[in-house]
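Shown here: start26.pdb, PDB, C-alpha atoms.
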MODEL        1
ATOM      1  CA  MET A 399       0.000   0.000   0.000
ATOM      2  CA  ASN A 400       1.377   3.389  -1.017
ATOM      3  CA  ILE A 401       0.488   6.280   1.254
ATOM      4  CA  TYR A 402       1.476   9.824   0.340
ATOM      5  CA  SER A 403       0.878  12.248   3.166
ATOM      6  CA  SER A 404       1.522  15.721   4.518
ATOM      7  CA  THR A 405       1.498  14.261   8.031
ATOM      8  CA  ASN A 406       4.930  13.907   9.620
ATOM      9  CA  THR A 407       6.045  10.287   9.426
ATOM     10  CA  ASP A 408       6.788  10.060  13.158
ATOM     11  CA  ARG A 409       3.233  11.234  13.939
ATOM     12  CA  PHE A 410       1.727   8.533  11.735
ATOM     13  CA  ALA A 411       4.048   5.642  12.604
ATOM     14  CA  GLY A 412       1.886   4.250  15.420
ATOM     15  CA  LEU A 413      -1.163   4.045  13.187
ATOM     16  CA  ILE A 414       0.834   2.267  10.480
ATOM     17  CA  GLU A 415       2.243  -0.201  13.032
ATOM     18  CA  ASP A 416      -1.252  -0.960  14.350
ATOM     19  CA  TYR A 417      -2.578  -1.443  10.812
ATOM     20  CA  ILE A 418       0.219  -3.879   9.990
ATOM     21  CA  LYS A 419      -0.522  -5.856  13.188
ATOM     22  CA  LEU A 420      -4.123  -6.241  11.996
ATOM     23  CA  ASN A 421      -3.048  -6.896   8.384
ATOM     24  CA  PRO A 422       0.342  -8.642   8.589
ATOM     25  CA  SER A 423       0.524  -9.452   4.870
ATOM     26  CA  THR A 424       0.347  -5.747   3.957
ATOM     27  CA  THR A 425       3.437  -3.734   3.110
ATOM     28  CA  ILE A 426       3.126  -0.001   3.569
ATOM     29  CA  ARG A 427       5.291   2.554   1.814
ATOM     30  CA  TYR A 428       4.799   5.940   3.438
ATOM     31  CA  GLN A 429       6.067   9.060   1.667
ATOM     32  CA  GLU A 430       5.954  12.428   3.403
ATOM     33  CA  TYR A 431       5.144  15.484   1.270
ATOM     34  CA  ASP A 432       4.338  19.153   1.651
ATOM     35  CA  SER A 433       0.618  19.529   0.943
ATOM     36  CA  GLN A 434       1.025  21.708  -2.160
ATOM     37  CA  LYS A 435       3.637  19.357  -3.656
ATOM     38  CA  LEU A 436       1.480  16.337  -2.842
ATOM     39  CA  TYR A 437      -1.384  17.842  -4.822
ATOM     40  CA  ALA A 438       0.799  19.011  -7.719
ATOM     41  CA  ASP A 439       2.759  15.756  -8.007
ATOM     42  CA  PHE A 440      -0.432  13.709  -7.964
ATOM     43  CA  LEU A 441      -2.011  15.763 -10.758
ATOM     44  CA  ALA A 442       1.195  15.729 -12.794
ATOM     45  CA  GLY A 443       1.439  11.928 -12.539
ATOM     46  CA  ARG A 444       4.811  12.089 -10.785
ATOM     47  CA  MET A 445       3.716   9.274  -8.467
ATOM     48  CA  ALA A 446       3.198   6.858 -11.376
ATOM     49  CA  THR A 447       5.889   4.322 -10.420
ATOM     50  CA  ASN A 448       4.258   3.848  -7.026
ATOM     51  CA  SER A 449       0.736   5.085  -7.628
ATOM     52  CA  PRO A 450      -0.968   6.162  -4.406
ATOM     53  CA  ASP A 451      -3.530   4.054  -2.640
ATOM     54  CA  LEU A 452      -4.151   6.832  -0.159
ATOM     55  CA  LEU A 453      -3.467  10.573  -0.087
ATOM     56  CA  ILE A 454      -3.532  12.293   3.290
ATOM     57  CA  SER A 455      -3.359  16.060   3.500
ATOM     58  CA  SER A 456      -4.308  18.860   5.837
ATOM     59  CA  ALA A 457      -5.167  21.001   2.779
ATOM     60  CA  MET A 458      -8.794  19.939   2.702
ATOM     61  CA  ASP A 459      -9.693  22.297  -0.124
ATOM     62  CA  LEU A 460      -7.181  20.537  -2.392
ATOM     63  CA  GLN A 461      -8.337  17.095  -1.272
ATOM     64  CA  THR A 462     -11.952  18.056  -1.897
ATOM     65  CA  LYS A 463     -11.051  19.324  -5.370
ATOM     66  CA  LEU A 464      -9.475  15.951  -6.184
ATOM     67  CA  VAL A 465     -12.668  14.210  -5.074
ATOM     68  CA  ASN A 466     -14.899  16.617  -6.984
ATOM     69  CA  ASP A 467     -12.748  16.175 -10.098
ATOM     70  CA  GLY A 468     -13.266  12.396  -9.997
ATOM     71  CA  TYR A 469      -9.913  11.160  -8.679
ATOM     72  CA  ALA A 470     -11.245   9.301  -5.623
ATOM     73  CA  GLN A 471     -12.988   6.001  -5.112
ATOM     74  CA  THR A 472     -15.970   5.452  -2.846
ATOM     75  CA  HIS A 473     -15.072   3.759   0.429
ATOM     76  CA  VAL A 474     -17.844   2.367   2.622
ATOM     77  CA  THR A 475     -17.104   0.404   5.786
ATOM     78  CA  ASP A 476     -18.724   0.160   9.195
ATOM     79  CA  GLN A 477     -16.111   2.680  10.395
ATOM     80  CA  SER A 478     -16.823   5.186   7.621
ATOM     81  CA  LYS A 479     -20.577   4.824   8.187
ATOM     82  CA  ALA A 480     -20.042   5.729  11.849
ATOM     83  CA  LEU A 481     -18.424   9.079  10.995
ATOM     84  CA  PRO A 482     -20.515  12.206  11.457
ATOM     85  CA  GLY A 483     -21.693  13.896   8.260
ATOM     86  CA  TRP A 484     -19.244  16.792   8.605
ATOM     87  CA  ALA A 485     -16.302  14.347   8.628
ATOM     88  CA  GLN A 486     -16.883  12.895   5.154
ATOM     89  CA  TRP A 487     -17.761  14.005   1.653
ATOM     90  CA  ARG A 488     -19.297  11.699  -0.938
ATOM     91  CA  LYS A 489     -17.938   8.685   0.948
ATOM     92  CA  GLN A 490     -14.648   9.514  -0.765
ATOM     93  CA  ILE A 491     -12.896  11.946   1.570
ATOM     94  CA  PHE A 492     -12.752  11.598   5.323
ATOM     95  CA  GLY A 493     -11.680  13.892   8.118
ATOM     96  CA  PHE A 494     -10.050  12.130  11.039
ATOM     97  CA  SER A 495      -8.243  14.904  12.862
ATOM     98  CA  TYR A 496      -8.410  18.565  13.710
ATOM     99  CA  GLU A 497      -5.777  21.087  12.755
ATOM    100  CA  PRO A 498      -5.287  23.398  15.708
ATOM    101  CA  ILE A 499      -5.636  26.990  14.619
ATOM    102  CA  VAL A 500      -4.450  28.998  17.547
ATOM    103  CA  LEU A 501      -2.698  32.156  18.478
ATOM    104  CA  VAL A 502       0.109  31.619  20.969
ATOM    105  CA  TYR A 503       1.962  34.402  22.700
ATOM    106  CA  ASP A 504       4.668  34.778  25.306
ATOM    107  CA  THR A 505       3.068  36.199  28.443
ATOM    108  CA  ARG A 506       6.472  37.534  29.530
ATOM    109  CA  ARG A 507       6.614  39.762  26.441
ATOM    110  CA  LEU A 508       2.985  40.772  26.010
ATOM    111  CA  PRO A 509       0.968  41.621  29.122
ATOM    112  CA  ALA A 510      -2.564  40.205  29.222
ATOM    113  CA  ALA A 511      -4.049  43.706  29.025
ATOM    114  CA  GLN A 512      -2.400  44.231  25.620
ATOM    115  CA  VAL A 513      -3.407  40.925  24.020
ATOM    116  CA  PRO A 514      -5.589  41.543  20.954
ATOM    117  CA  HIS A 515      -8.876  39.630  21.046
ATOM    118  CA  THR A 516     -10.148  40.459  17.568
ATOM    119  CA  HIS A 517      -8.710  40.595  14.072
ATOM    120  CA  LYS A 518      -9.100  44.357  14.125
ATOM    121  CA  ALA A 519      -7.206  44.707  17.408
ATOM    122  CA  LEU A 520      -4.402  42.508  16.039
ATOM    123  CA  LEU A 521      -4.251  44.546  12.831
ATOM    124  CA  ASN A 522      -4.099  47.775  14.841
ATOM    125  CA  MET A 523      -1.218  46.367  16.860
ATOM    126  CA  LEU A 524       0.577  45.300  13.669
ATOM    127  CA  LEU A 525       0.099  48.780  12.189
ATOM    128  CA  ASP A 526       1.186  50.581  15.375
ATOM    129  CA  PRO A 527       4.027  52.970  14.420
ATOM    130  CA  SER A 528       6.050  51.841  17.451
ATOM    131  CA  GLU A 529       6.041  48.318  15.901
ATOM    132  CA  PRO A 530       5.637  46.299  19.124
ATOM    133  CA  LEU A 531       5.315  43.029  17.174
ATOM    134  CA  LYS A 532       7.963  43.625  14.519
ATOM    135  CA  GLY A 533       9.941  40.432  13.951
ATOM    136  CA  LYS A 534       7.949  38.569  16.578
ATOM    137  CA  ILE A 535       5.210  36.868  14.572
ATOM    138  CA  GLY A 536       5.368  33.493  12.896
ATOM    139  CA  THR A 537       2.662  31.990  10.724
ATOM    140  CA  TYR A 538       2.044  29.566   7.889
ATOM    141  CA  ASP A 539       3.519  30.448   4.525
ATOM    142  CA  ALA A 540       0.361  30.663   2.408
ATOM    143  CA  ILE A 541       2.396  30.150  -0.773
ATOM    144  CA  THR A 542       4.011  26.832   0.171
ATOM    145  CA  SER A 543       1.610  25.454   2.781
ATOM    146  CA  GLY A 544      -1.688  24.102   1.493
ATOM    147  CA  LEU A 545      -3.179  24.406   4.960
ATOM    148  CA  GLY A 546      -1.760  27.914   5.318
ATOM    149  CA  TYR A 547      -3.375  28.910   2.030
ATOM    150  CA  LEU A 548      -6.690  27.354   3.066
ATOM    151  CA  LEU A 549      -6.630  29.199   6.390
ATOM    152  CA  ALA A 550      -5.731  32.472   4.681
ATOM    153  CA  THR A 551      -8.543  32.165   2.143
ATOM    154  CA  GLN A 552     -11.064  31.240   4.815
ATOM    155  CA  ASP A 553      -9.890  34.118   6.996
ATOM    156  CA  SER A 554     -10.178  36.515   4.067
ATOM    157  CA  ARG A 555     -13.821  35.518   3.612
ATOM    158  CA  MET A 556     -14.451  37.178   6.964
ATOM    159  CA  GLY A 557     -13.185  40.525   5.667
ATOM    160  CA  ASN A 558     -10.149  42.206   4.186
ATOM    161  CA  MET A 559      -8.210  42.589   7.434
ATOM    162  CA  ALA A 560      -6.424  39.278   6.936
ATOM    163  CA  TRP A 561      -4.661  40.500   3.798
ATOM    164  CA  LYS A 562      -3.811  43.818   5.415
ATOM    165  CA  ALA A 563      -2.268  41.917   8.337
ATOM    166  CA  ALA A 564      -0.343  39.631   5.973
ATOM    167  CA  ASN A 565       1.306  42.669   4.412
ATOM    168  CA  CYS A 566       2.609  44.016   7.724
TER     169      CYS A 566
ENDMDL
END
What is this file in structure tokens?
Amino acid sequence: MNIYSSTNTDRFAGLIEDYIKLNPSTTIRYQEYDSQKLYADFLAGRMATNSPDLLISSAMDLQTKLVNDGYAQTHVTDQSKALPGWAQWRKQIFGFSYEPIVLVYDTRRLPAAQVPHTHKALLNMLLDPSEPLKGKIGTYDAITSGLGYLLATQDSRMGNMAWKAANC
């Protein structure tokens, strides 16, 4: 079985080991990819020598596009039937984890009274002429990270502040 995934190999190893215990005659080849490259390489046929049996990616918009474009097979098992409706699409794509989307800050550097609680407050802090956050913010690279791009596009649907913040 060929699995191509954007999930770090060490994070998926336990699941693979358990699967092999239940299916000892199965050989699994697991290839780690960045989500954008996974999508592009699949469409370009660059996985042809070891065609994928399973693609796993946090970039759900790209996965959904593959399903909608006819690249997936229907998969129905007792386990897939037990999933809630929001965790599957067309019985061809399945969600089995959550991607944490959080804002983390160092309480030693930013007092609780100054923590922004809205997009607008964060944007105002980013635009502050005294630049209190300059060089202190890390985020997904929306160009190379499929999940980062998905989050950026979803955030932008809420208003134009996301793109203003990205340009700070």
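Every protein or nucleic acid residue with an atom no more than 8 Å from Tyr402 (chain A), counting all atoms listed in the file and leaving out same-chain residues fewer than 3 positions away, appears here: Tyr428, Gln429, Glu430, Tyr431, Leu436, Pro450, Leu452, Leu453 and Ile454 of chain A.
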For the selection just defined, write its residues with C-alpha atoms to a file, as a PDB file, keeping the file's coordinate frame.
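File produced: result.pdb:
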ATOM      1  CA  TYR A 428       4.799   5.940   3.438  1.00  0.00           C
ATOM      2  CA  GLN A 429       6.067   9.060   1.667  1.00  0.00           C
ATOM      3  CA  GLU A 430       5.954  12.428   3.403  1.00  0.00           C
ATOM      4  CA  TYR A 431       5.144  15.484   1.270  1.00  0.00           C
ATOM      5  CA  LEU A 436       1.480  16.337  -2.842  1.00  0.00           C
ATOM      6  CA  PRO A 450      -0.968   6.162  -4.406  1.00  0.00           C
ATOM      7  CA  LEU A 452      -4.151   6.832  -0.159  1.00  0.00           C
ATOM      8  CA  LEU A 453      -3.467  10.573  -0.087  1.00  0.00           C
ATOM      9  CA  ILE A 454      -3.532  12.293   3.290  1.00  0.00           C
TER      10      ILE A 454
END
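Closest approach to Met458 (chain A) among A:Ala442, A:Ala519, A:Ala550, A:Ile491 is made by A:Ile491 (distances from only C-alpha atoms).
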List, as an mmCIF file with C-alpha atoms, keeping the file's coordinate frame, every residue that the PyMOL selection byres ((chain A and resi 534) around 12) selects in the file provided.
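Okay, this is what ended up in expr23.cif:
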data_model
loop_
_atom_site.group_PDB
_atom_site.id
_atom_site.type_symbol
_atom_site.label_atom_id
_atom_site.label_comp_id
_atom_site.auth_asym_id
_atom_site.auth_seq_id
_atom_site.Cartn_x
_atom_site.Cartn_y
_atom_site.Cartn_z
ATOM 1 C CA VAL A 502 0.109 31.619 20.969
ATOM 2 C CA TYR A 503 1.962 34.402 22.700
ATOM 3 C CA ASP A 504 4.668 34.778 25.306
ATOM 4 C CA ARG A 507 6.614 39.762 26.441
ATOM 5 C CA LEU A 508 2.985 40.772 26.010
ATOM 6 C CA LEU A 524 0.577 45.300 13.669
ATOM 7 C CA GLU A 529 6.041 48.318 15.901
ATOM 8 C CA PRO A 530 5.637 46.299 19.124
ATOM 9 C CA LEU A 531 5.315 43.029 17.174
ATOM 10 C CA LYS A 532 7.963 43.625 14.519
ATOM 11 C CA GLY A 533 9.941 40.432 13.951
ATOM 12 C CA ILE A 535 5.210 36.868 14.572
ATOM 13 C CA GLY A 536 5.368 33.493 12.896
ATOM 14 C CA THR A 537 2.662 31.990 10.724
ATOM 15 C CA CYS A 566 2.609 44.016 7.724
#
For this session: Determine, counting all atoms listed in the file, which protein, DNA and RNA residues have an atom within 12 Å of an atom of region 415-424 of chain A; residues of the same chain fewer than 5 positions away are not included. Present the result as an MDAnalysis selection string.
Result: chainID A and resid 399:400 407:410
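Near (-6.0, 4.8, -6.3), the residues that fall inside 8 Å on the basis of only C-alpha atoms are Ser449, Pro450, Asp451, Leu452, Tyr469, Ala470 and Gln471 of chain A.
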Exercise. Between A:Leu460, A:Phe492, A:Asp439, A:Ala485, which one has atoms that come closest to His473 (chain A), using only C-alpha atoms?
Worked result: A:Phe492
Problem set entry | One-decimal distance in Å that lies between CA of Ser404 (chain A) and CA of Thr425 (chain A) |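 Computed distance, CA of Thr425 (chain A) to CA of Ser404 (chain A), equals 19.6 Å.
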Problem set entry | CA of His517 (chain A) to CA of Gly546 (chain A), straight-line distance in Å |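 That distance, rounded to one decimal, is 16.9 Å.
The gap separating CA of Ser554 (chain A) from CA of Thr516 (chain A) is 14.1 Å, in Å to one decimal.
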Exercise. Nearest to Gln490 (chain A) among A:Ala510, A:Ala438, A:Leu521, A:Val474, with distances taken over all atoms listed in the file: which residue is it?
Worked result: A:Val474
